[in-house]
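First the structure, in the form of structure tokens, and then the observations on it.
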Amino acid sequence: MSTSQPDQGFTPTGTIASPVDRRRVVFATVVGTTVEWYDFFIYATAVGLVFGQLFFAPLGANSAIVAFATVGVSFLFRPLGAFLAGHFGDKYGRKVVLMWTLILMGAATALIGVLPTYEAIGVWAPIFLVLLRILQGISAGGEWGGAVLMAVEHAPKTRRGAFGASPQIGVPLGLLLASGVMAVMATIAPGDAFLEWGWRIPFLLSVVLIFIGWYVRRRVEESPVFTELAARKEKAKTPIVQLFRKHALLVLIAALVFAGNNAVGYMTTGGYIQNYATDEAGPLGLERSPVLWAVAGSAVTWLLSTLAAGFLSDRIGRRTTYLIGWMLQLAGVFLLFPLVNTGDIWLLFAGLAILTVGLGFTYGPQAALYSELFPASIRFSGVSISYAIGAIIGGAFAPTIAAALVKATGSTMSVTWYLAGMTIIGLIATLLLRDRSGIPLGPDHEAEQSVSPIYGMAKV
């Protein structure tokens, strides 16, 4: 293998030589993103189960809707995290940003675990809760882009989909861990005990997880693409300015691709299904523990389909894999509530499992797809900001919208049409993009990378 800088052990296309280093990168991205998303999703799970009662009780019947809105508030601050991480990640490296996002997320999560309730400190309780959720949002906004680039920029060009799936499976793994820990606590501390102290343990567990994530991540080498940019002194001085001056439309289209997946995914990761199925005043009134285990089980099918889609995208292309995924996701959307509304826990699990197959196929290839859309010098900014904007359009208020639609119409069919509409938006956005699977990622190829991947657009 020839290299432009043999002493650094990588090629200009962003491939490192050592298989051991590659395995270490994959392991670190999986562990790190799992810890991050566990912290993020444990909040959403708690919203659906306890926060409405403990922090927003004076709002009465509207407490659940307002509690779900706090899930969405964090998304409004994801762009801030993405802007900061993109700027510093393109100037100072992917690794340093990932270390700080991990610390910020873990600290915010642990503090929620010791936060007094409304009964103890009144209106300050929801205020502090929202402030800590905002810190989670800033961290999440910076985390994804760094993890994605660490994985994809270390990968051989024929395996970017597979390597890129490693940070992607951190999401279902985080959901699995969050739902599993909550299910265990609902069993150990049922009923009032769960409301009094049981829900706090999963948040405090973040202290342990953050040390694990820190240890794993600090042993990983910096991305070879960024290392080469730094060595050549070709880092962008104002990456965000360049991104929006040259690629604003691309950012929007890429964001809509993710929005189509994210809105549907937040039916579980945002806590809506958990709340809908366990609400004692609702149509189902199921017990917490079985519902949480069903969500945890669906996280496994999501993980497997995400991995499968990443590998498949290396064979048939990112775009084709996405198109298959949108069809599967649309089918899952129309099957979800008919199965959930039976009130049978196994059929509820079946509805979630079917849905997550489509979610996996529209999420697994995303890391590679996004990385291949943007030039090397502004790539961190491009992938991070596109992801953050997509999260706002898609998942930010999806649980709140779903709750409001059911309250207004008295039927979950309105939610189905909303999710179907978001899926179709994602499909259309995907059709607007050319497949750039295998495009060189290194700084030697900035001219090729700067050609717009949008159909009908000329070179920028």
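Chain identifiers are assigned as A, B, and so on, following the order in which chains appear in the structure tokens; residues are numbered from 1 within each chain, and ligands are numbered from 1 in order of appearance.
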
Next item on the list: Write out as a PyMOL selection string each polymer residue whose atoms come within 8 Å of Ala353 (chain A), counting only C-alpha atoms; drop sequence neighbours fewer than 3 positions from it.
Entry: chain A and resi 297-299+301-302+349-350+356-357

Could you build a table of the residues in region 156-263 of chain A lying no more than 10 Å from region 445-452 of chain A, giving for each the nearest pair of atoms and their separation in Å rounded to one decimal place, using only C-alpha atoms, ordered by chain and ascending residue number, as a tab-separated table?
residue	atom	partner	partner_atom	distance
A:Lys246	CA	A:Ser450	CA	8.8
A:His247	CA	A:Ser452	CA	8.0
A:Leu249	CA	A:Ser452	CA	9.7
A:Leu250	CA	A:Ser452	CA	7.8

Next item on the list: Can you pull out every residue within 9 Å of Met327 (chain A), counting only C-alpha atoms, but drop anything in the same chain fewer than 5 positions away, and send it as a list in words?
Entry: Tyr322, Gly332, Gly358, Thr423 and Leu427 of chain A

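Those residues that approach region 70-78 of chain A to within 7 Å, counting only C-alpha atoms, are Ala44, Val66, Ala82, Val130, Arg133, Ile134, Gln136, Gly137, Ile138, Ala140, Gly141, Gly270, Ala388, Ala391, Ile392, Ala396 and Phe397 of chain A; same-chain residues fewer than 4 positions away are not listed.
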
May I have the residues from that selection written out with C-alpha atoms, as a compact mmCIF listing (two decimals), in the first residue's frame?
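As a result, result_5.txt now contains:
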# COMPACT_ATOMS: atom_id res chain seq x y z
CA ALA A 44 -37.20 10.49 27.21
CA VAL A 66 -45.69 19.70 28.49
CA ALA A 82 -23.43 21.05 16.16
CA VAL A 130 -35.22 21.89 31.34
CA ARG A 133 -32.07 18.79 29.21
CA ILE A 134 -30.69 21.71 27.19
CA GLN A 136 -28.01 17.14 26.92
CA GLY A 137 -29.16 18.64 23.63
CA ILE A 138 -25.94 20.61 23.15
CA ALA A 140 -26.02 15.32 21.44
CA GLY A 141 -25.66 17.96 18.73
CA GLY A 270 -38.99 9.95 22.63
CA ALA A 388 -29.06 18.63 14.13
CA ALA A 391 -33.51 16.22 14.39
CA ILE A 392 -35.43 19.46 14.95
CA ALA A 396 -37.86 17.26 18.30
CA PHE A 397 -41.58 17.52 18.88

Check: What is the distance between CA of Ser289 (chain A) and CA of Met182 (chain A), in Å to one decimal?
Finding: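 Interatomic distance, CA of Ser289 (chain A) to CA of Met182 (chain A): 8.0 Å.
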
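Considering the residues A:Ala404, A:Val216, A:Ala281, A:Ala296 and counting only C-alpha atoms, Arg24 (chain A) has its shortest atom-to-atom contact with A:Val216.
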
Next item on the list: In Å, rounded to a single decimal, give me how far CA of Pro172 (chain A) is from CA of Met150 (chain A).
Entry: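 A separation of 19.2 Å between them.
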
Margin query: Quick one: residues within 12 Å of Leu252 (chain A), only C-alpha atoms, excluding same-chain residues fewer than 2 positions away - as an MDAnalysis selection string?
Written below: chainID A and resid 243:244 247:250 254:259 382:383 385:393 425:426 429:430 432:433 454

Next item on the list: Tell me which of A:Met99, A:Val30, A:Leu54, A:Leu104 sits closest to Gly174 (chain A), counting only C-alpha atoms.
Entry: A:Val30

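Nearest to Ala309 (chain A) of all the residues A:Gln168, A:Thr342, A:Thr412, A:Asn275 is A:Gln168, counting only C-alpha atoms.
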